[in-house]
>>> print(open('structure-v8.cif').read())   # mmCIF, C-alpha atoms
data_protein
loop_
_atom_site.label_atom_id
_atom_site.label_comp_id
_atom_site.auth_asym_id
_atom_site.auth_seq_id
_atom_site.Cartn_x
_atom_site.Cartn_y
_atom_site.Cartn_z
CA MET A 1 -27.42 -26.99 47.60
CA ALA A 2 -30.47 -28.19 45.70
CA LEU A 3 -29.58 -25.51 43.16
CA PHE A 4 -26.14 -27.02 42.83
CA ASP A 5 -27.48 -30.53 42.36
CA LYS A 6 -29.80 -29.33 39.63
CA TYR A 7 -27.54 -27.01 37.64
CA ALA A 8 -23.98 -28.13 38.41
CA PRO A 9 -23.67 -30.53 35.42
CA MET A 10 -24.84 -27.88 32.96
CA LEU A 11 -22.53 -25.25 34.47
CA ARG A 12 -19.62 -27.64 34.54
CA GLY A 13 -20.16 -28.14 30.79
CA VAL A 14 -19.54 -24.41 30.36
CA CYS A 15 -16.44 -24.62 32.54
CA MET A 16 -15.10 -27.55 30.53
CA ARG A 17 -15.30 -25.53 27.32
CA TYR A 18 -13.18 -22.73 28.71
CA THR A 19 -10.54 -24.68 30.59
CA LYS A 20 -7.89 -27.14 29.53
CA ASN A 21 -8.30 -29.71 32.28
CA GLU A 22 -10.90 -31.06 34.69
CA ALA A 23 -9.20 -29.71 37.83
CA ASP A 24 -9.43 -26.15 36.51
CA ALA A 25 -13.02 -26.80 35.49
CA ASP A 26 -13.88 -27.88 39.05
CA ASP A 27 -12.18 -24.84 40.55
CA LEU A 28 -14.00 -22.59 38.14
CA LEU A 29 -17.30 -24.29 38.91
CA GLN A 30 -16.86 -23.64 42.63
CA GLU A 31 -15.94 -19.99 42.17
CA GLY A 32 -18.72 -19.45 39.66
CA PHE A 33 -21.34 -21.10 41.83
CA ILE A 34 -20.39 -18.96 44.83
CA LYS A 35 -20.72 -15.92 42.58
CA ILE A 36 -24.16 -17.08 41.48
CA LEU A 37 -25.31 -17.54 45.08
CA GLN A 38 -23.93 -14.16 46.07
CA ASN A 39 -25.75 -12.42 43.23
CA ILE A 40 -28.92 -14.46 43.14
CA ARG A 41 -30.93 -11.58 44.62
CA ASN A 42 -29.92 -9.43 41.65
CA TYR A 43 -31.51 -11.83 39.22
CA VAL A 44 -34.38 -10.18 37.41
CA GLU A 45 -37.02 -12.67 36.42
CA THR A 46 -37.41 -11.31 32.91
CA GLY A 47 -34.87 -13.60 31.31
CA SER A 48 -34.02 -17.27 31.55
CA PHE A 49 -32.46 -18.27 34.85
CA LYS A 50 -30.24 -20.80 33.07
CA ALA A 51 -28.99 -18.16 30.65
CA TRP A 52 -28.32 -15.80 33.58
CA MET A 53 -26.28 -18.47 35.39
CA LYS A 54 -24.40 -19.35 32.20
CA ARG A 55 -23.51 -15.71 31.68
CA ILE A 56 -22.14 -15.42 35.22
CA MET A 57 -20.16 -18.61 34.73
CA VAL A 58 -18.69 -17.37 31.44
CA ASN A 59 -17.68 -14.06 33.05
CA GLN A 60 -16.15 -16.01 35.90
CA ALA A 61 -14.28 -18.17 33.40
CA ILE A 62 -12.87 -15.09 31.70
CA ASN A 63 -11.71 -13.70 35.05
CA PHE A 64 -10.36 -17.09 36.03
CA LEU A 65 -8.27 -17.34 32.88
CA LYS A 66 -7.14 -13.74 33.20
CA LYS A 67 -5.88 -14.56 36.68
CA LYS A 68 -4.06 -17.61 35.40
CA LYS A 69 -2.77 -15.62 32.43
CA GLN A 70 -3.44 -18.55 30.22
CA HIS A 71 -4.87 -16.70 27.28
CA ASP A 72 -2.35 -15.62 24.74
CA PHE A 73 -3.56 -14.05 21.56
CA TYR A 74 -1.52 -14.74 18.51
CA GLN A 75 -0.78 -11.88 16.15
CA LEU A 76 -2.49 -9.17 18.16
CA ASN A 77 -4.17 -6.38 16.20
CA GLU A 78 -3.93 -8.48 13.07
CA ASN A 79 -6.76 -7.94 10.63
CA VAL A 80 -8.45 -10.66 8.67
CA ASP A 81 -6.79 -10.35 5.31
CA PHE A 82 -6.38 -13.91 4.09
CA GLU A 83 -8.14 -15.43 1.08
CA GLU A 84 -11.55 -16.28 2.38
CA ASP A 85 -12.93 -17.91 -0.80
CA ASP A 86 -10.45 -20.77 -0.83
CA GLN A 87 -10.81 -21.18 2.88
CA ASP A 88 -14.60 -21.25 2.67
CA TYR A 89 -14.39 -23.97 0.05
CA ASN A 90 -12.17 -26.07 2.28
CA GLN A 91 -14.32 -25.31 5.32
CA ASP A 92 -17.42 -26.36 3.46
CA LYS A 93 -15.86 -29.69 2.50
CA THR A 94 -14.57 -30.32 6.01
CA GLU A 95 -17.84 -29.30 7.60
CA ASN A 96 -19.76 -31.73 5.44
CA ARG A 97 -17.33 -34.45 6.38
CA LEU A 98 -17.69 -33.44 10.02
CA ILE A 99 -21.46 -33.76 9.89
CA GLU A 100 -21.25 -37.02 7.97
CA ALA A 101 -18.71 -38.42 10.37
CA ASN A 102 -21.17 -37.70 13.19
CA ILE A 103 -18.54 -36.51 15.62
CA GLY A 104 -20.06 -36.08 19.07
CA PRO A 105 -19.73 -33.16 21.50
CA GLU A 106 -17.01 -34.90 23.55
CA GLU A 107 -14.78 -35.24 20.50
CA ILE A 108 -15.46 -31.67 19.38
CA LEU A 109 -14.69 -30.56 22.92
CA LYS A 110 -11.34 -32.32 22.71
CA LEU A 111 -10.64 -30.46 19.48
CA ILE A 112 -11.58 -27.13 21.06
CA LYS A 113 -9.38 -27.84 24.08
CA ASN A 114 -6.46 -28.44 21.75
CA LEU A 115 -6.83 -24.96 20.29
CA PRO A 116 -4.61 -22.17 21.59
CA GLU A 117 -6.16 -20.32 24.55
CA GLY A 118 -6.98 -17.19 22.60
CA TYR A 119 -8.73 -19.12 19.82
CA GLN A 120 -10.58 -21.23 22.34
CA MET A 121 -11.90 -18.25 24.24
CA VAL A 122 -13.04 -16.24 21.25
CA LEU A 123 -14.64 -19.27 19.61
CA ASN A 124 -16.51 -20.15 22.79
CA MET A 125 -17.61 -16.58 23.46
CA TYR A 126 -18.71 -15.73 19.93
CA VAL A 127 -20.04 -18.98 18.52
CA ILE A 128 -21.46 -20.80 21.53
CA ASP A 129 -22.18 -18.11 24.15
CA GLY A 130 -23.37 -15.42 21.77
CA PHE A 131 -21.03 -12.52 22.61
CA SER A 132 -20.50 -9.88 19.91
CA HIS A 133 -17.00 -8.97 18.75
CA LYS A 134 -17.37 -5.66 20.56
CA GLU A 135 -18.19 -7.39 23.83
CA ILE A 136 -15.33 -9.84 23.38
CA ALA A 137 -12.95 -6.96 22.68
CA GLU A 138 -14.06 -5.20 25.85
CA GLN A 139 -13.91 -8.31 28.02
CA LEU A 140 -10.49 -9.44 26.83
CA ASN A 141 -8.98 -5.98 26.33
CA ILE A 142 -8.28 -6.57 22.65
CA SER A 143 -9.35 -4.81 19.49
CA ILE A 144 -12.41 -5.87 17.52
CA GLY A 145 -10.10 -6.73 14.59
CA THR A 146 -8.11 -9.06 16.80
CA SER A 147 -11.29 -10.72 17.98
CA LYS A 148 -12.36 -11.30 14.39
CA SER A 149 -9.01 -12.65 13.29
CA GLN A 150 -8.81 -14.92 16.29
CA LEU A 151 -12.24 -16.29 15.46
CA SER A 152 -11.37 -16.93 11.80
CA ARG A 153 -8.17 -18.68 12.72
CA ALA A 154 -9.93 -20.63 15.40
CA ARG A 155 -12.48 -21.92 12.90
CA LYS A 156 -9.79 -22.84 10.40
CA THR A 157 -7.65 -24.60 12.99
CA LEU A 158 -10.68 -26.43 14.36
CA LEU A 159 -11.72 -27.65 10.93
CA ASP A 160 -8.16 -28.71 10.11
CA LYS A 161 -8.01 -30.74 13.27
CA ALA A 162 -11.49 -32.14 12.60
CA ASN A 163 -10.36 -33.13 9.10
CA GLU A 164 -7.34 -34.90 10.54
CA LEU A 165 -9.59 -36.74 12.97
CA ILE A 166 -12.01 -37.75 10.25
CA LEU A 167 -9.20 -38.97 8.00
CA LYS A 168 -7.71 -40.90 10.88
CA ASN A 169 -11.07 -42.50 11.67
CA THR A 170 -11.67 -43.28 7.98
CA ASN A 171 -8.27 -44.95 7.61
CA SER A 172 -8.76 -47.04 10.71
CA TYR A 173 -12.28 -47.98 9.46
CA GLU A 174 -10.89 -49.03 6.05
CA GLN A 175 -8.10 -51.02 7.64
CA GLU A 176 -10.63 -52.92 9.74
CA TYR A 177 -12.58 -53.97 6.62
CA LYS A 178 -9.46 -54.91 4.64
CA MET B 179 -19.88 -17.76 2.39
CA SER B 180 -21.83 -16.65 5.38
CA LYS B 181 -24.00 -19.71 5.19
CA ASN B 182 -21.04 -22.07 5.35
CA ILE B 183 -19.54 -20.35 8.39
CA ASN B 184 -22.87 -20.30 10.12
CA ASN B 185 -23.22 -24.00 9.51
CA ILE B 186 -20.05 -24.67 11.39
CA ASP B 187 -21.20 -22.34 14.11
CA ASP B 188 -24.58 -24.04 14.23
CA LEU B 189 -22.86 -27.38 14.50
CA LEU B 190 -20.89 -26.18 17.51
CA ARG B 191 -23.95 -24.54 19.06
CA ASP B 192 -26.01 -27.68 18.66
CA SER B 193 -23.23 -29.76 20.15
CA PHE B 194 -22.85 -27.63 23.26
CA GLU B 195 -26.31 -26.21 23.83
CA ASP B 196 -27.27 -28.85 26.36
CA PHE B 197 -23.80 -30.14 27.01
CA SER B 198 -23.33 -31.15 30.62
CA SER B 199 -20.60 -32.82 32.59
CA ALA B 200 -21.06 -34.48 35.97
CA PRO B 201 -18.97 -32.81 38.64
CA SER B 202 -16.61 -34.92 40.69
CA PRO B 203 -18.10 -36.18 43.97
CA ASP B 204 -15.96 -34.10 46.32
CA ILE B 205 -16.91 -30.82 44.63
CA ARG B 206 -20.16 -30.61 46.60
CA ALA B 207 -18.36 -30.99 49.93
CA LYS B 208 -15.70 -28.46 48.95
CA LEU B 209 -18.35 -25.99 47.86
CA SER B 210 -20.25 -26.45 51.13
CA ALA B 211 -17.09 -25.71 53.10
CA LYS B 212 -16.37 -22.62 51.00
CA LEU B 213 -19.94 -21.38 51.43
CA ARG B 214 -19.73 -21.81 55.19
CA TYR B 215 -16.49 -19.82 55.16
CA PHE B 216 -18.00 -17.00 53.09
CA ASN B 217 -21.18 -16.91 55.17
CA PHE B 218 -19.15 -16.76 58.38
CA PHE B 219 -17.39 -13.58 57.27
CA LYS B 220 -20.52 -12.00 55.84
CA PHE B 221 -22.86 -10.13 58.17
CA ASN B 222 -26.21 -11.84 58.36
CA PRO B 223 -28.51 -11.21 61.29
CA GLY B 224 -30.00 -14.68 60.93
CA SER B 225 -26.82 -16.72 61.31
CA PHE B 226 -23.80 -16.94 63.53
CA ASN B 227 -20.83 -15.13 62.01
CA ILE B 228 -17.56 -13.39 62.80
CA PHE B 229 -19.37 -10.26 63.99
CA TYR B 230 -21.35 -12.14 66.62
CA LEU B 231 -18.23 -14.06 67.66
CA THR B 232 -16.33 -10.79 68.13
CA ALA B 233 -19.21 -9.34 70.13
CA ILE B 234 -19.33 -12.42 72.36
CA ILE B 235 -15.57 -12.33 72.96
CA LEU B 236 -15.63 -8.63 73.77
CA GLY B 237 -18.64 -9.03 76.05
CA THR B 238 -17.07 -11.95 77.90
CA THR B 239 -13.80 -10.08 78.32
CA ALA B 240 -15.56 -7.00 79.63
CA THR B 241 -17.62 -9.09 82.05
CA ILE B 242 -14.52 -10.83 83.35
CA VAL B 243 -12.64 -7.59 83.75
CA PHE B 244 -15.45 -5.82 85.57
CA SER B 245 -16.45 -8.75 87.77
CA ILE B 246 -13.09 -10.20 88.76
CA GLY B 247 -11.14 -6.94 88.90
CA PRO B 248 -12.99 -5.32 91.86
CA GLN B 249 -13.24 -8.72 93.60
CA GLU B 250 -9.45 -9.01 93.65
CA ILE B 251 -9.22 -5.59 95.19
CA LYS B 252 -11.75 -6.63 97.82
CA ASP B 253 -9.82 -9.82 98.57
CA ASN B 254 -6.47 -8.10 98.71
CA PRO B 255 -7.08 -4.60 99.96
CA ILE B 256 -4.07 -2.41 100.41
CA LYS B 257 -3.64 -2.35 104.13
CA PRO B 258 -2.00 0.65 105.68
CA ILE B 259 1.41 -0.29 106.90
CA GLU B 260 2.67 1.72 109.72
CA THR B 261 6.19 1.35 110.83
CA GLU B 262 7.66 3.40 113.49
CA LYS B 263 11.32 3.58 113.94
CA ILE B 264 13.34 5.63 116.26
CA ILE B 265 16.54 6.44 114.63
CA ASN B 266 19.45 7.70 116.56
CA ILE B 267 22.07 8.88 114.24
CA THR B 268 25.51 9.09 115.67
CA PRO B 269 27.15 12.15 114.34
CA GLU B 270 30.20 11.71 112.33
CA LYS B 271 32.84 14.30 112.06
CA ASN B 272 31.44 17.70 111.26
CA CYS B 273 27.93 16.31 111.30
CA ASN B 274 24.91 17.33 113.25
CA THR B 275 23.23 15.00 115.66
CA ILE B 276 19.72 13.97 114.93
CA GLU B 277 18.03 12.11 117.68
CA GLY B 278 14.56 10.91 118.39
CA ILE B 279 13.30 10.87 114.85
CA ASN B 280 10.16 8.82 114.42
CA ILE B 281 9.54 7.63 110.88
CA THR B 282 6.04 6.65 110.00
CA SER B 283 5.24 5.13 106.61
CA ASP B 284 1.62 5.52 105.72
CA PHE B 285 0.41 3.33 102.80
CA SER B 286 -3.23 3.97 103.33
CA LYS B 287 -3.17 7.08 101.21
CA ASN B 288 -2.84 7.14 97.49
CA SER B 289 0.81 7.92 97.75
CA ILE B 290 3.21 6.51 100.23
CA THR B 291 4.17 9.16 102.69
CA ASN B 292 7.03 8.91 105.05
CA GLU B 293 6.76 11.12 108.01
CA ILE B 294 9.38 11.91 110.46
CA SER B 295 8.28 13.37 113.69
CA ILE B 296 10.79 14.85 115.94
CA ASP B 297 10.43 14.47 119.65
CA ASN B 298 12.29 17.56 120.58
CA PRO B 299 12.99 19.76 117.65
CA LYS B 300 15.27 21.97 119.56
CA SER B 301 17.62 19.15 120.54
CA ILE B 302 17.87 17.57 117.10
CA ILE B 303 20.81 19.38 115.77
CA SER B 304 23.75 19.87 117.97
CA GLU B 305 27.26 20.78 117.19
CA THR B 306 29.46 17.89 118.08
CA ASN B 307 32.67 19.65 117.38
CA SER B 308 31.82 22.55 119.59
CA SER B 309 32.45 22.31 123.25
CA GLU B 310 28.96 23.45 124.18
CA ASN B 311 25.70 22.01 122.91
CA SER B 312 24.19 24.61 120.79
CA THR B 313 20.60 24.59 119.80
CA GLU B 314 19.74 25.56 116.31
CA SER B 315 16.55 27.27 115.56
CA PRO B 316 14.08 25.20 113.42
CA GLU B 317 14.55 27.60 110.56
CA ASN B 318 18.11 26.33 110.19
CA VAL B 319 17.15 22.67 109.72
CA PHE B 320 17.70 21.46 106.15
CA LEU B 321 17.74 18.09 104.49
CA ASN B 322 20.29 17.37 101.82
CA ASP B 323 20.91 14.25 99.75
CA THR B 324 22.91 12.64 102.50
CA PHE B 325 20.48 13.82 105.10
CA ILE B 326 23.33 15.54 106.82
CA ASN B 327 23.67 19.14 107.46
CA GLN B 328 27.31 19.63 107.60
CA THR B 329 28.74 22.32 109.74
CA GLU B 330 31.94 24.04 109.23
CA LYS B 331 33.77 26.38 111.40
CA ASN B 332 34.49 29.71 110.00
CA ASP B 333 37.53 31.70 110.69
CA THR B 334 36.10 33.11 113.88
CA GLY B 335 35.44 29.65 115.25
CA ASN B 336 31.66 29.91 115.21
CA SER B 337 29.81 27.04 113.64
CA GLU B 338 27.25 27.64 110.96
CA VAL B 339 25.02 25.37 109.02
CA ILE B 340 26.01 25.07 105.38
CA GLU B 341 23.52 23.74 102.94
CA LYS B 342 24.88 21.30 100.37
CA ASN B 343 22.96 19.61 97.59
CA VAL B 344 19.63 20.49 99.02
CA ILE B 345 16.82 18.29 97.79
CA PHE B 346 14.08 20.22 99.44
CA ASP B 347 14.37 23.86 98.97
CA THR B 348 11.83 24.59 101.64
CA ILE B 349 12.43 24.86 105.29
CA ILE B 350 11.15 21.78 106.96
CA ASN B 351 8.76 22.07 109.74
CA PRO B 352 10.61 20.21 112.44
CA GLU B 353 7.43 18.78 113.86
CA LYS B 354 6.50 17.06 110.63
CA ILE B 355 9.27 16.32 108.14
CA ILE B 356 8.25 14.70 104.91
CA ILE B 357 11.08 12.83 103.27
CA THR B 358 11.47 10.99 100.03
CA ASP B 359 12.58 7.39 99.53
CA THR B 360 16.06 8.62 98.69
CA VAL B 361 16.36 10.27 102.05
CA LYS B 362 14.93 7.21 103.72
CA THR B 363 17.58 5.07 102.09
CA GLU B 364 20.24 7.37 103.33
CA ILE B 365 18.84 7.20 106.81
CA HIS B 366 18.94 3.41 106.67
CA LYS B 367 22.54 3.56 105.55
CA THR B 368 23.38 5.83 108.39
CA VAL B 369 21.63 3.53 110.82
CA GLU B 370 23.59 0.58 109.51
CA VAL B 371 26.83 2.49 109.97
CA LYS B 372 25.81 3.26 113.50
CA ASN B 373 24.91 -0.34 114.25
CA LYS B 374 28.27 -1.51 112.96
CA LYS B 375 30.02 0.96 115.15
CA ASN B 376 27.98 -0.12 118.16
CA LYS B 377 28.89 -3.73 117.52
CA LYS B 378 32.53 -2.82 117.41
#
>>> encode(input="structure-v8.cif", output="structure tokens")
Amino acid sequence: MALFDKYAPMLRGVCMRYTKNEADADDLLQEGFIKILQNIRNYVETGSFKAWMKRIMVNQAINFLKKKKQHDFYQLNENVDFEEDDQDYNQDKTENRLIEANIGPEEILKLIKNLPEGYQMVLNMYVIDGFSHKEIAEQLNISIGTSKSQLSRARKTLLDKANELILKNTNSYEQEYK
Amino acid sequence: MSKNINNIDDLLRDSFEDFSSAPSPDIRAKLSAKLRYFNFFKFNPGSFNIFYLTAIILGTTATIVFSIGPQEIKDNPIKPIETEKIINITPEKNCNTIEGINITSDFSKNSITNEISIDNPKSIISETNSSENSTESPENVFLNDTFINQTEKNDTGNSEVIEKNVIFDTIINPEKIIITDTVKTEIHKTVEVKNKKNKK
């Protein structure tokens, strides 16, 4: 259990990104940790032990959500065909605001949790956990195109929500000074 | 374009690279319980598990069966029960007389054997309807389901033994007649009938 005491907070952080509530995160943490202990002999000491545990936890999260059938992918097999230039311009503006606003991980996590399940999973897997679109497609039984479109829409939705949050914070800040 | 997207991605990566969240206090206890459960059902020579429990139960059961089982037999051996009855069957109409039959039940053998020994084989069967006591040869002695060899007179007036519903299709050695429980029951019935008649 010393292993649990040392790595449980880090692994629970992973669980929190993939689930919608804390109860699911705790369940996932338990299942994932049992999996880690069962497979600990298979760990090859060439890579980082933390990265190995994270990978197991992410795989467990995918299986957990598959079991719960929570992930629903909007517009399956849809290709990315929207105007990227305009979107990039808006994303750039919002991103700069986001950095300036100094939004912390907890608030970003709230924004990610408010995304639809499919967006949340693809965003987590691709951006934060380093999966390729091919790997995501294989893991989630979707096409690579769907994975890409889900990611693009996830980014856009996240930035829109971040923009709303920044505007809300700015308005409340201005009202305080008035 | 790529740079902008990567910036957003970098922002997310930086935010969650070392992100941690303290687990709730009861998680540790729940996990310990789950681990005990999994370890119990997993074979591990170094720890007590379901396989050892099963082996212990089977061993204990076998020990009990093999130690107590023969002891009970020693305590309560099957004692041979010998009963000897002399049955005098009063002949009914058209029935043969069977007298001096000794029935011995022997339980000491694997199977229960009822033996009927006949004091005087030649005087067992007599014709009651005939005026003279006739002695049948042992070859003419049969047992049927009512343990009665009925005799009928033929047209010439001579009596002859007629076999009806014969259980045993072999000729019984009059000195040692082996009967079944069915026959024994019939004998008891006959004895009861006789006793009732005697009382009257």
>>> closest_atom_pairs(input="structure-v8.cif", of="chain A", to="chain B", cutoff="6 Å", atoms="all atoms listed in the file", output="tab-separated table")
residue	atom	partner	partner_atom	distance
A:Pro9	CA	B:Ser199	CA	4.8
A:Met10	CA	B:Ser198	CA	4.3
A:Arg12	CA	B:Ser199	CA	5.6
A:Gly13	CA	B:Ser198	CA	4.4
A:Gln30	CA	B:Leu209	CA	5.9
A:Asp92	CA	B:Asn182	CA	5.9
A:Pro105	CA	B:Ser193	CA	5.1
A:Val127	CA	B:Asp187	CA	5.7
A:Ile128	CA	B:Arg191	CA	5.1
>>> resolve_selection(input="structure-v8.cif", expression="the PyMOL selection byres ((chain A and resi 151) around 12)", output="ChimeraX atom specification")
/A:73-74,78-80,115-128,131-133,136-137,144-150,152-158 /B:183,187
>>> atom_distance(input="structure-v8.cif", atom1="CA of Lys220 in chain B", atom2="CA of Val14 in chain A")
28.4 Å
>>> atom_distance(input="structure-v8.cif", atom1="CA of Met16 in chain A", atom2="CA of Ile34 in chain A")
17.5 Å
>>> atom_distance(input="structure-v8.cif", atom1="CA of Ala211 in chain B", atom2="CA of Val58 in chain A")
23.3 Å
>>> closest_residue(input="structure-v8.cif", among="A:Ile40, A:Ile62, A:Leu111, A:Asn171", to="Leu3 in chain A", atoms="only C-alpha atoms")
A:Ile40
>>> decode(input="structure-v8.cif", residues="range 142-171 of chain A", atoms="N, CA and C atoms", output="PDB file, in the first residue's frame")
ATOM      1  N   ILE A 142     -13.404   3.786 -33.582  1.00  0.00           N
ATOM      2  CA  ILE A 142     -13.902   4.827 -34.484  1.00  0.00           C
ATOM      3  C   ILE A 142     -12.878   5.013 -35.599  1.00  0.00           C
ATOM      4  N   SER A 143     -13.273   5.800 -36.605  1.00  0.00           N
ATOM      5  CA  SER A 143     -12.320   6.037 -37.693  1.00  0.00           C
ATOM      6  C   SER A 143     -11.350   7.142 -37.285  1.00  0.00           C
ATOM      7  N   ILE A 144     -10.240   7.208 -37.998  1.00  0.00           N
ATOM      8  CA  ILE A 144      -9.243   8.259 -37.719  1.00  0.00           C
ATOM      9  C   ILE A 144      -9.861   9.642 -37.984  1.00  0.00           C
ATOM     10  N   GLY A 145     -10.686   9.720 -39.048  1.00  0.00           N
ATOM     11  CA  GLY A 145     -11.355  10.984 -39.375  1.00  0.00           C
ATOM     12  C   GLY A 145     -12.247  11.452 -38.233  1.00  0.00           C
ATOM     13  N   THR A 146     -12.958  10.507 -37.652  1.00  0.00           N
ATOM     14  CA  THR A 146     -13.834  10.854 -36.526  1.00  0.00           C
ATOM     15  C   THR A 146     -13.006  11.362 -35.347  1.00  0.00           C
ATOM     16  N   SER A 147     -11.880  10.694 -35.123  1.00  0.00           N
ATOM     17  CA  SER A 147     -11.015  11.118 -34.023  1.00  0.00           C
ATOM     18  C   SER A 147     -10.544  12.557 -34.241  1.00  0.00           C
ATOM     19  N   LYS A 148     -10.165  12.849 -35.482  1.00  0.00           N
ATOM     20  CA  LYS A 148      -9.686  14.201 -35.786  1.00  0.00           C
ATOM     21  C   LYS A 148     -10.793  15.240 -35.626  1.00  0.00           C
ATOM     22  N   SER A 149     -11.959  14.917 -36.140  1.00  0.00           N
ATOM     23  CA  SER A 149     -13.066  15.875 -36.050  1.00  0.00           C
ATOM     24  C   SER A 149     -13.506  16.091 -34.605  1.00  0.00           C
ATOM     25  N   GLN A 150     -13.485  15.006 -33.853  1.00  0.00           N
ATOM     26  CA  GLN A 150     -13.843  15.132 -32.435  1.00  0.00           C
ATOM     27  C   GLN A 150     -12.860  16.050 -31.710  1.00  0.00           C
ATOM     28  N   LEU A 151     -11.582  15.897 -32.072  1.00  0.00           N
ATOM     29  CA  LEU A 151     -10.552  16.712 -31.423  1.00  0.00           C
ATOM     30  C   LEU A 151     -10.727  18.196 -31.784  1.00  0.00           C
ATOM     31  N   SER A 152     -10.964  18.465 -33.071  1.00  0.00           N
ATOM     32  CA  SER A 152     -11.141  19.859 -33.497  1.00  0.00           C
ATOM     33  C   SER A 152     -12.323  20.506 -32.805  1.00  0.00           C
ATOM     34  N   ARG A 153     -13.413  19.753 -32.759  1.00  0.00           N
ATOM     35  CA  ARG A 153     -14.614  20.291 -32.114  1.00  0.00           C
ATOM     36  C   ARG A 153     -14.413  20.430 -30.609  1.00  0.00           C
ATOM     37  N   ALA A 154     -13.653  19.520 -30.068  1.00  0.00           N
ATOM     38  CA  ALA A 154     -13.376  19.609 -28.630  1.00  0.00           C
ATOM     39  C   ALA A 154     -12.591  20.875 -28.318  1.00  0.00           C
ATOM     40  N   ARG A 155     -11.587  21.144 -29.127  1.00  0.00           N
ATOM     41  CA  ARG A 155     -10.786  22.364 -28.924  1.00  0.00           C
ATOM     42  C   ARG A 155     -11.661  23.614 -29.037  1.00  0.00           C
ATOM     43  N   LYS A 156     -12.470  23.639 -30.076  1.00  0.00           N
ATOM     44  CA  LYS A 156     -13.319  24.813 -30.315  1.00  0.00           C
ATOM     45  C   LYS A 156     -14.290  25.024 -29.155  1.00  0.00           C
ATOM     46  N   THR A 157     -14.929  23.919 -28.755  1.00  0.00           N
ATOM     47  CA  THR A 157     -15.902  24.013 -27.652  1.00  0.00           C
ATOM     48  C   THR A 157     -15.207  24.449 -26.362  1.00  0.00           C
ATOM     49  N   LEU A 158     -14.030  23.896 -26.140  1.00  0.00           N
ATOM     50  CA  LEU A 158     -13.281  24.246 -24.923  1.00  0.00           C
ATOM     51  C   LEU A 158     -12.922  25.744 -24.915  1.00  0.00           C
ATOM     52  N   LEU A 159     -12.465  26.222 -26.048  1.00  0.00           N
ATOM     53  CA  LEU A 159     -12.085  27.634 -26.121  1.00  0.00           C
ATOM     54  C   LEU A 159     -13.306  28.542 -25.990  1.00  0.00           C
ATOM     55  N   ASP A 160     -14.427  28.107 -26.575  1.00  0.00           N
ATOM     56  CA  ASP A 160     -15.655  28.900 -26.442  1.00  0.00           C
ATOM     57  C   ASP A 160     -16.056  29.005 -24.966  1.00  0.00           C
ATOM     58  N   LYS A 161     -15.982  27.892 -24.301  1.00  0.00           N
ATOM     59  CA  LYS A 161     -16.364  27.885 -22.889  1.00  0.00           C
ATOM     60  C   LYS A 161     -15.360  28.691 -22.062  1.00  0.00           C
ATOM     61  N   ALA A 162     -14.072  28.587 -22.448  1.00  0.00           N
ATOM     62  CA  ALA A 162     -13.045  29.362 -21.748  1.00  0.00           C
ATOM     63  C   ALA A 162     -13.284  30.859 -21.964  1.00  0.00           C
ATOM     64  N   ASN A 163     -13.661  31.231 -23.180  1.00  0.00           N
ATOM     65  CA  ASN A 163     -13.952  32.623 -23.500  1.00  0.00           C
ATOM     66  C   ASN A 163     -15.104  33.145 -22.652  1.00  0.00           C
ATOM     67  N   GLU A 164     -16.128  32.316 -22.566  1.00  0.00           N
ATOM     68  CA  GLU A 164     -17.291  32.682 -21.728  1.00  0.00           C
ATOM     69  C   GLU A 164     -16.858  32.907 -20.283  1.00  0.00           C
ATOM     70  N   LEU A 165     -16.011  32.010 -19.813  1.00  0.00           N
ATOM     71  CA  LEU A 165     -15.544  32.111 -18.421  1.00  0.00           C
ATOM     72  C   LEU A 165     -14.723  33.373 -18.197  1.00  0.00           C
ATOM     73  N   ILE A 166     -13.864  33.666 -19.201  1.00  0.00           N
ATOM     74  CA  ILE A 166     -13.018  34.857 -19.079  1.00  0.00           C
ATOM     75  C   ILE A 166     -13.873  36.116 -19.094  1.00  0.00           C
ATOM     76  N   LEU A 167     -14.836  36.147 -20.020  1.00  0.00           N
ATOM     77  CA  LEU A 167     -15.739  37.307 -20.109  1.00  0.00           C
ATOM     78  C   LEU A 167     -16.515  37.493 -18.809  1.00  0.00           C
ATOM     79  N   LYS A 168     -16.966  36.370 -18.278  1.00  0.00           N
ATOM     80  CA  LYS A 168     -17.726  36.418 -17.026  1.00  0.00           C
ATOM     81  C   LYS A 168     -16.857  36.969 -15.888  1.00  0.00           C
ATOM     82  N   ASN A 169     -15.619  36.473 -15.843  1.00  0.00           N
ATOM     83  CA  ASN A 169     -14.694  36.931 -14.800  1.00  0.00           C
ATOM     84  C   ASN A 169     -14.347  38.409 -14.980  1.00  0.00           C
ATOM     85  N   THR A 170     -14.195  38.824 -16.251  1.00  0.00           N
ATOM     86  CA  THR A 170     -13.850  40.221 -16.552  1.00  0.00           C
ATOM     87  C   THR A 170     -14.985  41.150 -16.131  1.00  0.00           C
ATOM     88  N   ASN A 171     -16.205  40.741 -16.465  1.00  0.00           N
ATOM     89  CA  ASN A 171     -17.378  41.555 -16.105  1.00  0.00           C
ATOM     90  C   ASN A 171     -17.504  41.683 -14.592  1.00  0.00           C
TER      91      ASN A 171
END
